[in-house]
>>> print(open('run11.txt').read())   # compact mmCIF, C-alpha atoms and all ligand atoms
# COMPACT_ATOMS: atom_id res chain seq x y z
CA MET A 10 -20.82 12.92 -16.54
CA THR A 11 -17.72 12.69 -14.35
CA THR A 12 -14.73 11.13 -16.09
CA ALA A 13 -11.38 9.87 -14.85
CA PHE A 14 -9.82 13.05 -16.21
CA ASP A 15 -11.84 15.35 -13.97
CA PRO A 16 -10.31 16.78 -10.80
CA ILE A 17 -11.43 15.74 -7.34
CA ASP A 18 -11.05 17.19 -3.88
CA LEU A 19 -9.59 14.50 -1.63
CA ALA A 20 -10.51 15.81 1.83
CA GLY A 21 -8.83 19.13 1.06
CA THR A 22 -6.08 17.88 -1.28
CA ARG A 23 -6.96 18.82 -4.86
CA LEU A 24 -6.15 16.07 -7.34
CA ALA A 25 -5.86 17.03 -11.01
CA ASN A 26 -7.54 13.79 -12.12
CA ARG A 27 -8.93 10.53 -10.76
CA ILE A 28 -6.09 8.32 -11.97
CA ALA A 29 -3.90 7.15 -9.09
CA MET A 30 -0.67 5.20 -9.20
CA ALA A 31 -1.19 2.08 -7.07
CA PRO A 32 1.49 1.37 -4.45
CA MET A 33 4.33 -0.68 -5.93
CA THR A 34 7.39 -1.99 -4.15
CA ARG A 35 10.44 -1.48 -6.38
CA ASN A 36 13.34 -2.46 -4.02
CA ARG A 37 15.69 0.31 -5.07
CA ALA A 38 16.45 2.08 -1.78
CA ALA A 39 20.11 2.58 -0.82
CA ALA A 40 21.56 0.07 1.68
CA PRO A 41 22.38 -0.08 4.52
CA GLY A 42 20.13 2.79 5.62
CA MET A 43 17.18 1.91 3.30
CA VAL A 44 17.22 5.53 2.13
CA PRO A 45 15.29 6.78 -0.92
CA THR A 46 17.58 7.73 -3.81
CA ASP A 47 17.71 10.39 -6.53
CA ALA A 48 16.55 7.73 -9.02
CA MET A 49 13.46 7.18 -6.89
CA ALA A 50 12.78 10.94 -6.96
CA ALA A 51 13.06 10.85 -10.77
CA TYR A 52 10.77 7.78 -11.02
CA TYR A 53 7.98 9.34 -8.99
CA ALA A 54 8.36 12.79 -10.62
CA GLN A 55 8.04 11.19 -14.07
CA ARG A 56 4.62 9.91 -12.96
CA ALA A 57 3.40 13.20 -11.40
CA SER A 58 0.61 13.62 -13.96
CA GLY A 59 -1.33 10.99 -12.01
CA GLY A 60 -3.86 12.72 -9.79
CA LEU A 61 -2.47 10.85 -6.79
CA LEU A 62 0.70 8.83 -6.49
CA ILE A 63 0.71 6.24 -3.73
CA SER A 64 4.27 5.31 -2.86
CA GLU A 65 5.72 1.84 -2.64
CA GLY A 66 5.25 0.16 0.75
CA ILE A 67 7.49 1.85 3.33
CA GLN A 68 8.46 0.16 6.61
CA PRO A 69 7.63 2.14 9.76
CA SER A 70 10.41 0.37 11.70
CA ALA A 71 13.45 -1.79 10.94
CA ILE A 72 11.60 -4.97 11.94
CA GLY A 73 8.75 -4.03 9.58
CA GLN A 74 11.01 -4.58 6.54
CA GLY A 75 10.01 -7.66 4.57
CA TYR A 76 12.23 -7.57 1.50
CA ALA A 77 15.69 -6.36 0.46
CA TYR A 78 16.14 -2.70 -0.45
CA THR A 79 12.70 -1.45 0.60
CA PRO A 80 12.78 2.11 1.97
CA GLY A 81 11.87 3.15 5.52
CA LEU A 82 10.38 6.15 7.30
CA HIS A 83 12.00 5.77 10.71
CA SER A 84 15.36 7.57 10.40
CA ALA A 85 16.41 11.15 9.70
CA ASP A 86 18.29 10.03 6.56
CA GLN A 87 15.16 8.34 5.21
CA VAL A 88 13.07 11.47 5.87
CA ALA A 89 15.69 13.56 4.02
CA GLY A 90 15.65 11.08 1.12
CA TRP A 91 11.85 11.17 0.90
CA ARG A 92 11.96 14.98 0.99
CA LYS A 93 13.77 14.85 -2.36
CA VAL A 94 11.05 12.59 -3.74
CA THR A 95 8.14 14.74 -2.54
CA ASP A 96 9.82 17.97 -3.67
CA ALA A 97 10.34 16.50 -7.15
CA VAL A 98 6.71 15.31 -7.36
CA HIS A 99 5.35 18.64 -6.14
CA ALA A 100 7.59 20.60 -8.52
CA ALA A 101 6.06 18.53 -11.34
CA GLY A 102 2.54 19.38 -10.11
CA GLY A 103 1.72 16.03 -8.47
CA ARG A 104 0.44 14.80 -5.12
CA ILE A 105 1.90 11.86 -3.24
CA PHE A 106 0.83 9.74 -0.25
CA ALA A 107 3.22 7.38 1.56
CA GLN A 108 2.09 3.79 1.92
CA ILE A 109 3.07 2.59 5.39
CA MET A 110 3.68 -1.13 5.23
CA HIS A 111 4.80 -3.32 8.13
CA SER A 112 5.32 -6.72 6.59
CA GLY A 113 4.91 -8.74 9.82
CA ARG A 114 5.69 -12.43 9.22
CA ILE A 115 6.79 -11.76 5.64
CA GLY A 116 10.45 -11.11 6.33
CA HIS A 117 13.70 -12.79 7.26
CA PRO A 118 16.33 -12.52 10.03
CA SER A 119 19.00 -11.83 7.38
CA LEU A 120 17.22 -8.55 6.53
CA GLN A 121 17.75 -7.35 10.12
CA ALA A 122 21.01 -5.80 11.35
CA ASP A 123 20.64 -7.76 14.60
CA GLY A 124 19.32 -10.97 13.01
CA GLN A 125 15.91 -10.61 14.68
CA VAL A 126 13.14 -12.99 13.67
CA PRO A 127 10.10 -11.28 12.03
CA VAL A 128 7.13 -10.53 14.29
CA ALA A 129 3.45 -11.38 13.77
CA PRO A 130 0.15 -11.81 15.61
CA SER A 131 0.90 -15.53 16.08
CA ALA A 132 3.93 -17.77 15.64
CA ILE A 133 2.67 -19.24 12.37
CA ALA A 134 4.88 -19.16 9.28
CA ALA A 135 3.56 -18.14 5.89
CA PRO A 136 4.39 -20.50 3.03
CA GLY A 137 6.89 -19.36 0.43
CA GLN A 138 9.99 -17.23 0.30
CA THR A 139 11.07 -13.63 0.56
CA PHE A 140 13.74 -11.79 -1.40
CA THR A 141 16.81 -11.11 0.78
CA TYR A 142 20.24 -9.60 0.05
CA GLU A 143 21.45 -13.16 -0.57
CA GLY A 144 18.56 -14.06 -2.86
CA PRO A 145 15.25 -15.81 -2.12
CA LYS A 146 14.96 -17.49 1.30
CA ASP A 147 12.22 -19.53 2.93
CA LEU A 148 9.94 -17.62 5.27
CA VAL A 149 10.53 -18.50 8.92
CA VAL A 150 8.25 -18.99 11.92
CA PRO A 151 7.68 -15.45 13.23
CA ARG A 152 7.76 -14.43 16.88
CA GLU A 153 4.39 -13.63 18.43
CA LEU A 154 4.14 -9.98 19.46
CA THR A 155 3.48 -9.31 23.17
CA GLU A 156 0.69 -6.86 24.01
CA ALA A 157 3.29 -4.23 24.94
CA GLU A 158 4.98 -4.75 21.58
CA ILE A 159 1.65 -4.42 19.78
CA ASN A 160 1.24 -0.99 21.38
CA ASP A 161 4.82 -0.07 20.42
CA THR A 162 4.11 -1.18 16.83
CA ILE A 163 1.01 1.02 16.67
CA ALA A 164 3.19 3.91 17.87
CA ASP A 165 5.67 3.09 15.08
CA TYR A 166 2.89 3.59 12.50
CA SER A 167 1.99 6.99 13.94
CA SER A 168 5.59 8.10 14.17
CA ALA A 169 6.19 7.01 10.55
CA ALA A 170 3.08 9.01 9.58
CA ARG A 171 4.50 12.09 11.31
CA ASN A 172 7.79 11.49 9.50
CA ALA A 173 5.89 11.24 6.21
CA ILE A 174 4.40 14.68 6.75
CA ASP A 175 7.83 16.02 7.80
CA ALA A 176 9.19 14.57 4.55
CA GLY A 177 6.59 16.48 2.55
CA PHE A 178 4.08 13.75 1.72
CA ASP A 179 0.51 14.96 1.24
CA GLY A 180 -0.74 12.10 3.42
CA VAL A 181 -0.33 8.41 4.17
CA GLU A 182 -2.02 5.20 3.13
CA ILE A 183 -2.14 2.51 5.81
CA HIS A 184 -1.40 -0.82 4.13
CA GLY A 185 -4.03 -3.23 5.40
CA ALA A 186 -3.92 -5.47 2.32
CA ASN A 187 -2.05 -8.34 0.66
CA GLY A 188 -1.07 -10.42 3.67
CA TYR A 189 1.16 -8.01 5.58
CA LEU A 190 0.93 -7.23 9.32
CA ILE A 191 -2.51 -5.61 9.47
CA HIS A 192 -4.01 -8.27 7.20
CA GLN A 193 -2.31 -10.94 9.35
CA PHE A 194 -4.24 -9.58 12.36
CA LEU A 195 -7.52 -9.52 10.40
CA ALA A 196 -7.25 -13.10 9.14
CA THR A 197 -8.10 -16.16 11.22
CA GLY A 198 -5.35 -18.29 9.67
CA SER A 199 -2.51 -16.01 10.80
CA ASN A 200 -4.12 -14.64 13.98
CA GLN A 201 -4.78 -17.32 16.57
CA ARG A 202 -4.34 -15.09 19.61
CA THR A 203 -6.55 -15.63 22.63
CA ASP A 204 -6.16 -12.14 24.09
CA ALA A 205 -7.91 -8.88 23.09
CA TRP A 206 -6.15 -8.90 19.68
CA GLY A 207 -7.47 -12.21 18.32
CA GLY A 208 -10.46 -14.52 18.16
CA SER A 209 -13.67 -12.54 17.67
CA VAL A 210 -14.20 -10.16 14.76
CA ASP A 211 -13.95 -7.20 17.14
CA ASN A 212 -10.62 -8.46 18.42
CA ARG A 213 -9.16 -9.22 14.96
CA ILE A 214 -10.03 -5.76 13.64
CA ARG A 215 -8.65 -4.08 16.78
CA PHE A 216 -5.09 -3.69 15.45
CA ALA A 217 -6.24 -2.06 12.19
CA VAL A 218 -8.62 0.25 14.05
CA GLU A 219 -5.97 1.22 16.60
CA VAL A 220 -3.43 1.93 13.85
CA ALA A 221 -5.94 4.06 11.93
CA THR A 222 -6.83 5.93 15.13
CA ALA A 223 -3.20 6.55 16.04
CA VAL A 224 -2.32 7.75 12.54
CA THR A 225 -5.31 10.11 12.36
CA ASP A 226 -4.42 11.45 15.82
CA ALA A 227 -0.90 12.08 14.53
CA ILE A 228 -1.55 13.70 11.14
CA GLY A 229 -5.31 14.17 10.77
CA ALA A 230 -7.97 12.02 9.13
CA HIS A 231 -7.95 14.27 6.05
CA ARG A 232 -4.43 13.02 5.30
CA THR A 233 -5.06 9.33 6.05
CA GLY A 234 -6.28 6.53 3.76
CA LEU A 235 -6.60 2.76 4.26
CA ARG A 236 -6.02 -0.01 1.73
CA VAL A 237 -7.64 -3.43 2.15
CA SER A 238 -7.91 -6.55 -0.03
CA PRO A 239 -10.79 -8.75 1.17
CA THR A 240 -10.49 -12.44 0.16
CA ASN A 241 -6.90 -12.05 -1.02
CA THR A 242 -4.95 -15.22 -0.20
CA PHE A 243 -1.56 -13.74 -1.13
CA ASN A 244 1.22 -14.41 1.40
CA GLY A 245 -0.60 -17.42 2.82
CA ILE A 246 -3.63 -15.51 4.09
CA ALA A 247 -6.64 -17.61 5.11
CA GLU A 248 -9.72 -15.60 6.05
CA GLU A 249 -12.89 -16.92 7.63
CA GLY A 250 -15.92 -14.65 7.79
CA THR A 251 -14.46 -12.17 5.32
CA GLU A 252 -17.59 -10.09 4.86
CA ALA A 253 -18.37 -9.79 8.56
CA THR A 254 -14.75 -8.90 9.29
CA TYR A 255 -14.40 -6.13 6.72
CA ARG A 256 -17.86 -4.73 7.42
CA ALA A 257 -17.00 -4.46 11.08
CA LEU A 258 -13.65 -2.88 10.22
CA ILE A 259 -15.13 -0.23 7.95
CA ASP A 260 -17.98 0.48 10.41
CA ALA A 261 -15.42 0.91 13.18
CA ILE A 262 -13.21 3.32 11.24
CA ALA A 263 -16.09 5.27 9.64
CA PRO A 264 -16.33 7.74 12.56
CA LEU A 265 -12.65 8.65 12.11
CA GLY A 266 -13.51 10.32 8.80
CA LEU A 267 -10.52 9.05 6.79
CA ALA A 268 -9.79 10.74 3.45
CA TYR A 269 -10.23 7.51 1.53
CA LEU A 270 -10.81 3.79 1.48
CA HIS A 271 -8.79 1.92 -1.16
CA VAL A 272 -10.02 -1.55 -2.10
CA CYS A 273 -7.63 -3.79 -3.99
CA GLU A 274 -9.74 -6.49 -5.61
CA ALA A 275 -7.89 -9.78 -5.74
CA GLY A 276 -10.87 -11.58 -7.22
CA PRO A 277 -14.44 -11.04 -8.47
CA ILE A 278 -15.57 -9.36 -5.22
CA ARG A 279 -17.31 -6.25 -6.57
CA ASP A 280 -20.29 -6.86 -4.28
CA ILE A 281 -17.98 -6.71 -1.25
CA SER A 282 -16.25 -3.56 -2.57
CA THR A 283 -19.58 -1.85 -3.15
CA ASP A 284 -20.89 -2.84 0.26
CA LEU A 285 -17.77 -1.46 1.98
CA ARG A 286 -17.97 1.76 0.00
CA LYS A 287 -21.56 2.30 1.15
CA ARG A 288 -20.44 2.14 4.77
CA PHE A 289 -17.79 4.80 4.27
CA ASP A 290 -18.14 8.56 3.75
CA GLY A 291 -14.74 9.45 2.29
CA ALA A 292 -13.48 8.97 -1.25
CA PHE A 293 -13.41 5.45 -2.68
CA ILE A 294 -10.32 4.32 -4.57
CA LEU A 295 -10.69 1.10 -6.51
CA ASN A 296 -7.92 -1.11 -7.85
CA PRO A 297 -10.26 -3.34 -9.84
CA TYR A 298 -10.06 -7.06 -10.47
CA THR A 299 -8.95 -7.58 -14.06
CA PRO A 300 -8.13 -11.29 -14.55
CA ASP A 301 -4.98 -12.02 -16.59
CA ARG A 302 -4.17 -8.39 -17.39
CA PRO A 303 -3.41 -5.15 -15.56
CA THR A 304 -5.92 -2.35 -15.03
CA GLY A 305 -6.30 -0.53 -18.37
CA LEU A 306 -8.50 1.47 -20.70
CA ASP A 307 -11.66 -0.58 -20.12
CA GLU A 308 -11.72 0.37 -16.44
CA LEU A 309 -12.12 4.11 -17.11
CA SER A 310 -15.87 3.45 -17.23
CA LEU A 311 -15.80 2.67 -13.49
CA ILE A 312 -15.48 6.40 -12.84
CA GLU A 313 -18.15 7.27 -15.40
CA ASP A 314 -20.68 4.83 -13.93
CA GLY A 315 -19.89 5.96 -10.38
CA THR A 316 -18.44 2.65 -9.16
CA ALA A 317 -15.34 4.48 -7.85
CA ASP A 318 -14.18 8.04 -7.21
CA ILE A 319 -10.57 7.30 -8.12
CA LEU A 320 -9.00 4.37 -10.01
CA ALA A 321 -5.64 2.91 -9.00
CA TYR A 322 -3.40 1.67 -11.81
CA GLY A 323 -0.41 -0.52 -10.95
CA ILE A 324 1.55 -2.18 -13.76
CA ALA A 325 0.27 0.21 -16.44
CA PHE A 326 1.62 3.16 -14.45
CA LEU A 327 4.90 1.39 -13.76
CA ALA A 328 5.49 1.03 -17.51
CA ASN A 329 3.88 4.29 -18.68
CA PRO A 330 5.13 7.39 -16.83
CA ASP A 331 2.57 9.55 -18.69
CA LEU A 332 -0.31 7.12 -18.13
CA PRO A 333 -3.14 9.71 -17.87
CA ALA A 334 -2.20 11.19 -21.28
CA ARG A 335 -2.05 7.73 -22.82
CA LEU A 336 -5.40 6.73 -21.33
CA ALA A 337 -6.91 9.98 -22.64
CA ALA A 338 -5.53 9.22 -26.10
CA GLY A 339 -6.63 5.59 -26.01
CA GLY A 340 -2.99 4.40 -26.09
CA PRO A 341 -0.48 3.24 -27.18
CA PHE A 342 1.02 1.70 -24.05
CA ASN A 343 4.54 0.50 -23.23
CA GLU A 344 4.81 -3.18 -22.30
CA ALA A 345 5.94 -3.80 -18.70
CA ASP A 346 9.04 -5.93 -18.09
CA PRO A 347 8.44 -8.08 -14.97
CA SER A 348 12.14 -9.02 -14.76
CA THR A 349 12.92 -5.46 -13.60
CA PHE A 350 9.99 -5.01 -11.19
CA TYR A 351 11.88 -5.78 -7.98
CA GLY A 352 15.37 -4.33 -7.58
CA GLY A 353 18.09 -3.44 -10.02
CA ASP A 354 19.10 -0.16 -11.60
CA GLU A 355 17.46 2.46 -13.80
CA ARG A 356 16.49 -0.20 -16.36
CA GLY A 357 12.78 -0.83 -16.05
CA PHE A 358 12.61 1.97 -13.48
CA THR A 359 13.22 5.43 -14.95
CA ASP A 360 13.73 4.49 -18.63
CA TYR A 361 10.16 3.78 -19.76
CA PRO A 362 9.53 6.46 -22.38
CA ALA A 363 6.73 9.00 -22.40
CA LEU A 364 4.79 9.72 -25.61
CA GLY A 365 6.20 12.32 -27.96
C1 LIG A 401 5.90 -4.58 -8.84
C2 LIG A 401 4.70 -4.53 -7.93
C3 LIG A 401 4.87 -4.14 -6.62
C4 LIG A 401 3.75 -4.04 -5.75
N1 LIG A 401 3.93 -3.58 -4.47
C5 LIG A 401 2.84 -3.29 -3.71
C6 LIG A 401 3.00 -2.59 -2.46
O1 LIG A 401 4.11 -2.22 -2.04
N2 LIG A 401 1.88 -2.33 -1.75
C7 LIG A 401 0.62 -2.71 -2.19
O2 LIG A 401 -0.37 -2.44 -1.50
N3 LIG A 401 0.45 -3.36 -3.37
C8 LIG A 401 1.53 -3.61 -4.14
N4 LIG A 401 1.35 -4.18 -5.39
C9 LIG A 401 -0.02 -4.43 -5.90
C10 LIG A 401 -0.49 -3.25 -6.76
O3 LIG A 401 -0.70 -2.09 -5.97
C11 LIG A 401 -1.79 -3.58 -7.52
O4 LIG A 401 -2.77 -3.92 -6.58
C12 LIG A 401 -1.62 -4.73 -8.51
O5 LIG A 401 -0.51 -4.48 -9.36
C13 LIG A 401 -2.89 -4.91 -9.41
O6 LIG A 401 -3.19 -3.71 -10.11
P1 LIG A 401 -2.86 -3.56 -11.70
O7 LIG A 401 -3.66 -4.62 -12.39
O8 LIG A 401 -3.34 -2.18 -12.04
O9 LIG A 401 -1.40 -3.73 -11.87
C14 LIG A 401 2.46 -4.35 -6.24
C15 LIG A 401 2.31 -4.77 -7.58
C16 LIG A 401 3.40 -4.85 -8.41
C17 LIG A 401 3.22 -5.27 -9.85
>>> encode(input="run11.txt", output="C-alpha cells")
Amino acid sequence: MTTAFDPIDLAGTRLANRIAMAPMTRNRAAAPGMVPTDAMAAYYAQRASGGLLISEGIQPSAIGQGYAYTPGLHSADQVAGWRKVTDAVHAAGGRIFAQIMHSGRIGHPSLQADGQVPVAPSAIAAPGQTFTYEGPKDLVVPRELTEAEINDTIADYSSAARNAIDAGFDGVEIHGANGYLIHQFLATGSNQRTDAWGGSVDNRIRFAVEVATAVTDAIGAHRTGLRVSPTNTFNGIAEEGTEATYRALIDAIAPLGLAYLHVCEAGPIRDISTDLRKRFDGAFILNPYTPDRPTGLDELSLIEDGTADILAYGIAFLANPDLPARLAAGGPFNEADPSTFYGGDERGFTDYPALG
C-alpha cells in the first residue's frame, strides 16, 4: 500500500514524500521592491522535509499585486531574493515550486507606485477589503483589460515562470483558484465580457488555457502545475455551470501534459475533484475539504485509498516546520496563531519549534 511517506516522481522531479506545503501568502517581502528576504529563506528551508513546497502566491507583474508586502517575480532583485530561498530549500533536501498569482480585481491603487487601479476581466468590484500599507481598504471597481492587455498579461505569466526557473525553483504552480485573476475569468459573476474571453464556457476558460500554454512553452509542462478551487465563493466569486466549466478547462489543458493538477476543495465537492482527476494524466494534488479544522492526520488515508497522489497541508505546515515527522509520529502538533498569518516579523513565521 502506498502511504503519504512514500516518494513519488513528479514528472521527473523526485519528491521524498507525498506531503506538500500548500501555498500560503505571508506578506513578509521587503518593500519597496517586494523582494524575498533572508527570513523567508529560513521559513521555507525549515519546511524542506515536505516532499514539495509550494510557495506563497507571487505576483508576475506590479499590477498583479493584491496585498501589502507580497513578493514578486518580475525584477532582477526579486529573482536574486528567490535564489536565496531556493538554494536554502535545496540545501536542506527539499523541492519548491513557485505559485504565480495575479490577483486581478483583488487589489488597491495604493499598492501601486503609480496609483493604477487593479485590472480584471470586467469592471465589477468584489465585495470586501484588501490589506494595504495603510491598513484594510475597500476593494475598488477594477479596470477592464483590453484584448491587447490580456495578451500582455499572459506574457507576464510566462516571463515570471522563466524568472522562477532562473531563480532556482523546481517548477511553477499557476494559481487558478480562490477568486484571483484566472478564477475571475472562469466565473460568470466576474467575467461579463462579450468578446472571445467571456460568455461561453470555451471563452471563459480561454485565459486559463492560454496562460497554461504560455507557461509550458516557456519552462516545459513537466515543471508546470495548475491549482483550481471549483465552487469556491471566496473573494466574491459567483460561478454558474461550475462542473461544465472545470471539465472543459481540464479537458482543454490535458493535452499539454502538465506535471500536476491541484484541487483546493472549498466545500464537499469530492465528486467534482474525482471527476477532474479522471480527465487528467499527471499527478493529482488534493487540498481536501475539512470543515472547521485544517488538513491533519485523518487525511493521510486519502493517499492510502488512492484518492490523491499528493496531499497539500496549509495551516498545519505553517505551524509545524517538521510536519511530515509529526504526521508519521501521530503528533503532537503546534497550534497555529492566526494573528501572525499575514505580515509582521519572525514571530509566527520562523519561530514555530520542531520536535526534539
Ligand atoms: C495564511 C494563509 C495564506 C494563504 N495563501 C494562499 C495563497 O497565496 N495561494 C493559495 O492558493 N492559497 C492560499 N491559502 C489557502 C491554502 O493554500 C489552503 O488551501 C487552505 O489553508 C486550506 O488548507 P488547510 O486546511 O490545510 O489549511 C492560504 C491559506 C492561509 C491560511
>>> residues_around(input="run11.txt", residues="range 275-286 of chain A", least_positions_apart="4", cutoff="10 Å", atoms="only C-alpha atoms", output="PyMOL selection string")
chain A and resi 186-187+237-243+251-252+255-260+269-271+290-300+316-317
>>> write_last_selection(input="run11.txt", atoms="C-alpha atoms", output="PDB file, keeping the file's coordinate frame")
ATOM      1  CA  ALA A 186      -3.920  -5.470   2.320  1.00  0.00           C
ATOM      2  CA  ASN A 187      -2.050  -8.340   0.660  1.00  0.00           C
ATOM      3  CA  VAL A 237      -7.640  -3.430   2.150  1.00  0.00           C
ATOM      4  CA  SER A 238      -7.910  -6.550  -0.030  1.00  0.00           C
ATOM      5  CA  PRO A 239     -10.790  -8.750   1.170  1.00  0.00           C
ATOM      6  CA  THR A 240     -10.490 -12.440   0.160  1.00  0.00           C
ATOM      7  CA  ASN A 241      -6.900 -12.050  -1.020  1.00  0.00           C
ATOM      8  CA  THR A 242      -4.950 -15.220  -0.200  1.00  0.00           C
ATOM      9  CA  PHE A 243      -1.560 -13.740  -1.130  1.00  0.00           C
ATOM     10  CA  THR A 251     -14.460 -12.170   5.320  1.00  0.00           C
ATOM     11  CA  GLU A 252     -17.590 -10.090   4.860  1.00  0.00           C
ATOM     12  CA  TYR A 255     -14.400  -6.130   6.720  1.00  0.00           C
ATOM     13  CA  ARG A 256     -17.860  -4.730   7.420  1.00  0.00           C
ATOM     14  CA  ALA A 257     -17.000  -4.460  11.080  1.00  0.00           C
ATOM     15  CA  LEU A 258     -13.650  -2.880  10.220  1.00  0.00           C
ATOM     16  CA  ILE A 259     -15.130  -0.230   7.950  1.00  0.00           C
ATOM     17  CA  ASP A 260     -17.980   0.480  10.410  1.00  0.00           C
ATOM     18  CA  TYR A 269     -10.230   7.510   1.530  1.00  0.00           C
ATOM     19  CA  LEU A 270     -10.810   3.790   1.480  1.00  0.00           C
ATOM     20  CA  HIS A 271      -8.790   1.920  -1.160  1.00  0.00           C
ATOM     21  CA  ASP A 290     -18.140   8.560   3.750  1.00  0.00           C
ATOM     22  CA  GLY A 291     -14.740   9.450   2.290  1.00  0.00           C
ATOM     23  CA  ALA A 292     -13.480   8.970  -1.250  1.00  0.00           C
ATOM     24  CA  PHE A 293     -13.410   5.450  -2.680  1.00  0.00           C
ATOM     25  CA  ILE A 294     -10.320   4.320  -4.570  1.00  0.00           C
ATOM     26  CA  LEU A 295     -10.690   1.100  -6.510  1.00  0.00           C
ATOM     27  CA  ASN A 296      -7.920  -1.110  -7.850  1.00  0.00           C
ATOM     28  CA  PRO A 297     -10.260  -3.340  -9.840  1.00  0.00           C
ATOM     29  CA  TYR A 298     -10.060  -7.060 -10.470  1.00  0.00           C
ATOM     30  CA  THR A 299      -8.950  -7.580 -14.060  1.00  0.00           C
ATOM     31  CA  PRO A 300      -8.130 -11.290 -14.550  1.00  0.00           C
ATOM     32  CA  THR A 316     -18.440   2.650  -9.160  1.00  0.00           C
ATOM     33  CA  ALA A 317     -15.340   4.480  -7.850  1.00  0.00           C
TER      34      ALA A 317
END
>>> axis_aligned_box(input="run11.txt", around="ligand LIG 401 (chain A)", padding_each_side="8 Å", output="JSON")
{"center_x": 1.1, "center_y": -3.7, "center_z": -6.9, "size_x": 25.6, "size_y": 19.2, "size_z": 26.9}
>>> closest_atom_pairs(input="run11.txt", of="range 36-64 of chain A", to="range 122-128 of chain A", cutoff="12 Å", atoms="all atoms listed in the file", output="tab-separated table")
residue	atom	partner	partner_atom	distance
A:Ala40	CA	A:Ala122	CA	11.3
A:Pro41	CA	A:Ala122	CA	9.0
A:Gly42	CA	A:Ala122	CA	10.4
A:Met43	CA	A:Ala122	CA	11.8
>>> atom_distance(input="run11.txt", atom1="CA of Gln121 in chain A", atom2="CA of Gly75 in chain A")
9.5 Å
>>> closest_residue(input="run11.txt", among="A:Ala132, A:Ala48, A:Val98, A:Ile28", to="ligand LIG 401 (chain A)", atoms="all atoms listed in the file")
A:Ile28
>>> residues_near_ligand(input="run11.txt", ligand="ligand LIG 401 (chain A)", cutoff="6 Å", atoms="all atoms listed in the file", output="NGL selection string")
:A and (31-34 or 65-66 or 184 or 273 or 296 or 303-304 or 322-324 or 350)
>>> residues_around(input="run11.txt", residues="range 154-162 of chain A", least_positions_apart="5", cutoff="10 Å", atoms="only C-alpha atoms", output="JSON, numbers by chain")
{"A": [69, 70, 72, 73, 111, 113, 127, 128, 129, 130, 131, 132, 167, 168, 202, 204, 205, 206, 216, 219, 220]}
>>> atom_distance(input="run11.txt", atom1="CA of Glu182 in chain A", atom2="CA of Thr12 in chain A")
23.8 Å
>>> atom_distance(input="run11.txt", atom1="CA of Thr11 in chain A", atom2="CA of Gly180 in chain A")
24.6 Å
>>> closest_residue(input="run11.txt", among="A:Gly315, A:Gly245, A:Gly103, A:Pro333", to="Gly137 in chain A", atoms="only C-alpha atoms")
A:Gly245
>>> closest_residue(input="run11.txt", among="A:Ala29, A:Ile17, A:Ala54, A:Ile246", to="Arg114 in chain A", atoms="only C-alpha atoms")
A:Ile246
>>> residues_around(input="run11.txt", residues="Ser348 in chain A", least_positions_apart="5", cutoff="12 Å", atoms="all atoms listed in the file", output="mmCIF file with C-alpha atoms, in the coordinates of the input")
data_model
loop_
_atom_site.group_PDB
_atom_site.id
_atom_site.type_symbol
_atom_site.label_atom_id
_atom_site.label_comp_id
_atom_site.auth_asym_id
_atom_site.auth_seq_id
_atom_site.Cartn_x
_atom_site.Cartn_y
_atom_site.Cartn_z
ATOM 1 C CA ARG A 35 10.440 -1.480 -6.380
ATOM 2 C CA GLY A 353 18.090 -3.440 -10.020
ATOM 3 C CA ASP A 354 19.100 -0.160 -11.600
ATOM 4 C CA ARG A 356 16.490 -0.200 -16.360
ATOM 5 C CA GLY A 357 12.780 -0.830 -16.050
ATOM 6 C CA PHE A 358 12.610 1.970 -13.480
#
>>> closest_residue(input="run11.txt", among="A:Gln74, A:Asn172, A:Thr349, A:Gln55", to="Tyr189 in chain A", atoms="only C-alpha atoms")
A:Gln74
>>> decode(input="run11.txt", residues="range 44-67 of chain A", atoms="C-alpha atoms", output="PDB file, in the first residue's frame")
ATOM      1  CA  VAL A  44      11.898  41.254  -2.596  1.00  0.00           C
ATOM      2  CA  PRO A  45      12.110  37.927  -0.732  1.00  0.00           C
ATOM      3  CA  THR A  46      14.126  38.174   2.482  1.00  0.00           C
ATOM      4  CA  ASP A  47      16.572  36.002   4.434  1.00  0.00           C
ATOM      5  CA  ALA A  48      13.752  35.260   6.898  1.00  0.00           C
ATOM      6  CA  MET A  49      11.696  33.881   4.027  1.00  0.00           C
ATOM      7  CA  ALA A  50      14.626  31.637   3.038  1.00  0.00           C
ATOM      8  CA  ALA A  51      14.780  30.374   6.637  1.00  0.00           C
ATOM      9  CA  TYR A  52      10.994  29.802   6.762  1.00  0.00           C
ATOM     10  CA  TYR A  53      10.922  27.689   3.616  1.00  0.00           C
ATOM     11  CA  ALA A  54      14.148  25.809   4.484  1.00  0.00           C
ATOM     12  CA  GLN A  55      12.680  24.869   7.888  1.00  0.00           C
ATOM     13  CA  ARG A  56       9.850  23.146   5.989  1.00  0.00           C
ATOM     14  CA  ALA A  57      12.070  21.345   3.432  1.00  0.00           C
ATOM     15  CA  SER A  58      11.118  17.889   4.737  1.00  0.00           C
ATOM     16  CA  GLY A  59       7.834  18.286   2.876  1.00  0.00           C
ATOM     17  CA  GLY A  60       8.028  16.384  -0.399  1.00  0.00           C
ATOM     18  CA  LEU A  61       7.012  19.533  -2.263  1.00  0.00           C
ATOM     19  CA  LEU A  62       6.820  23.092  -1.019  1.00  0.00           C
ATOM     20  CA  ILE A  63       4.502  25.353  -2.979  1.00  0.00           C
ATOM     21  CA  SER A  64       5.433  28.967  -2.367  1.00  0.00           C
ATOM     22  CA  GLU A  65       3.130  31.755  -1.318  1.00  0.00           C
ATOM     23  CA  GLY A  66       1.350  33.489  -4.213  1.00  0.00           C
ATOM     24  CA  ILE A  67       3.863  35.575  -6.187  1.00  0.00           C
TER      25      ILE A  67
END
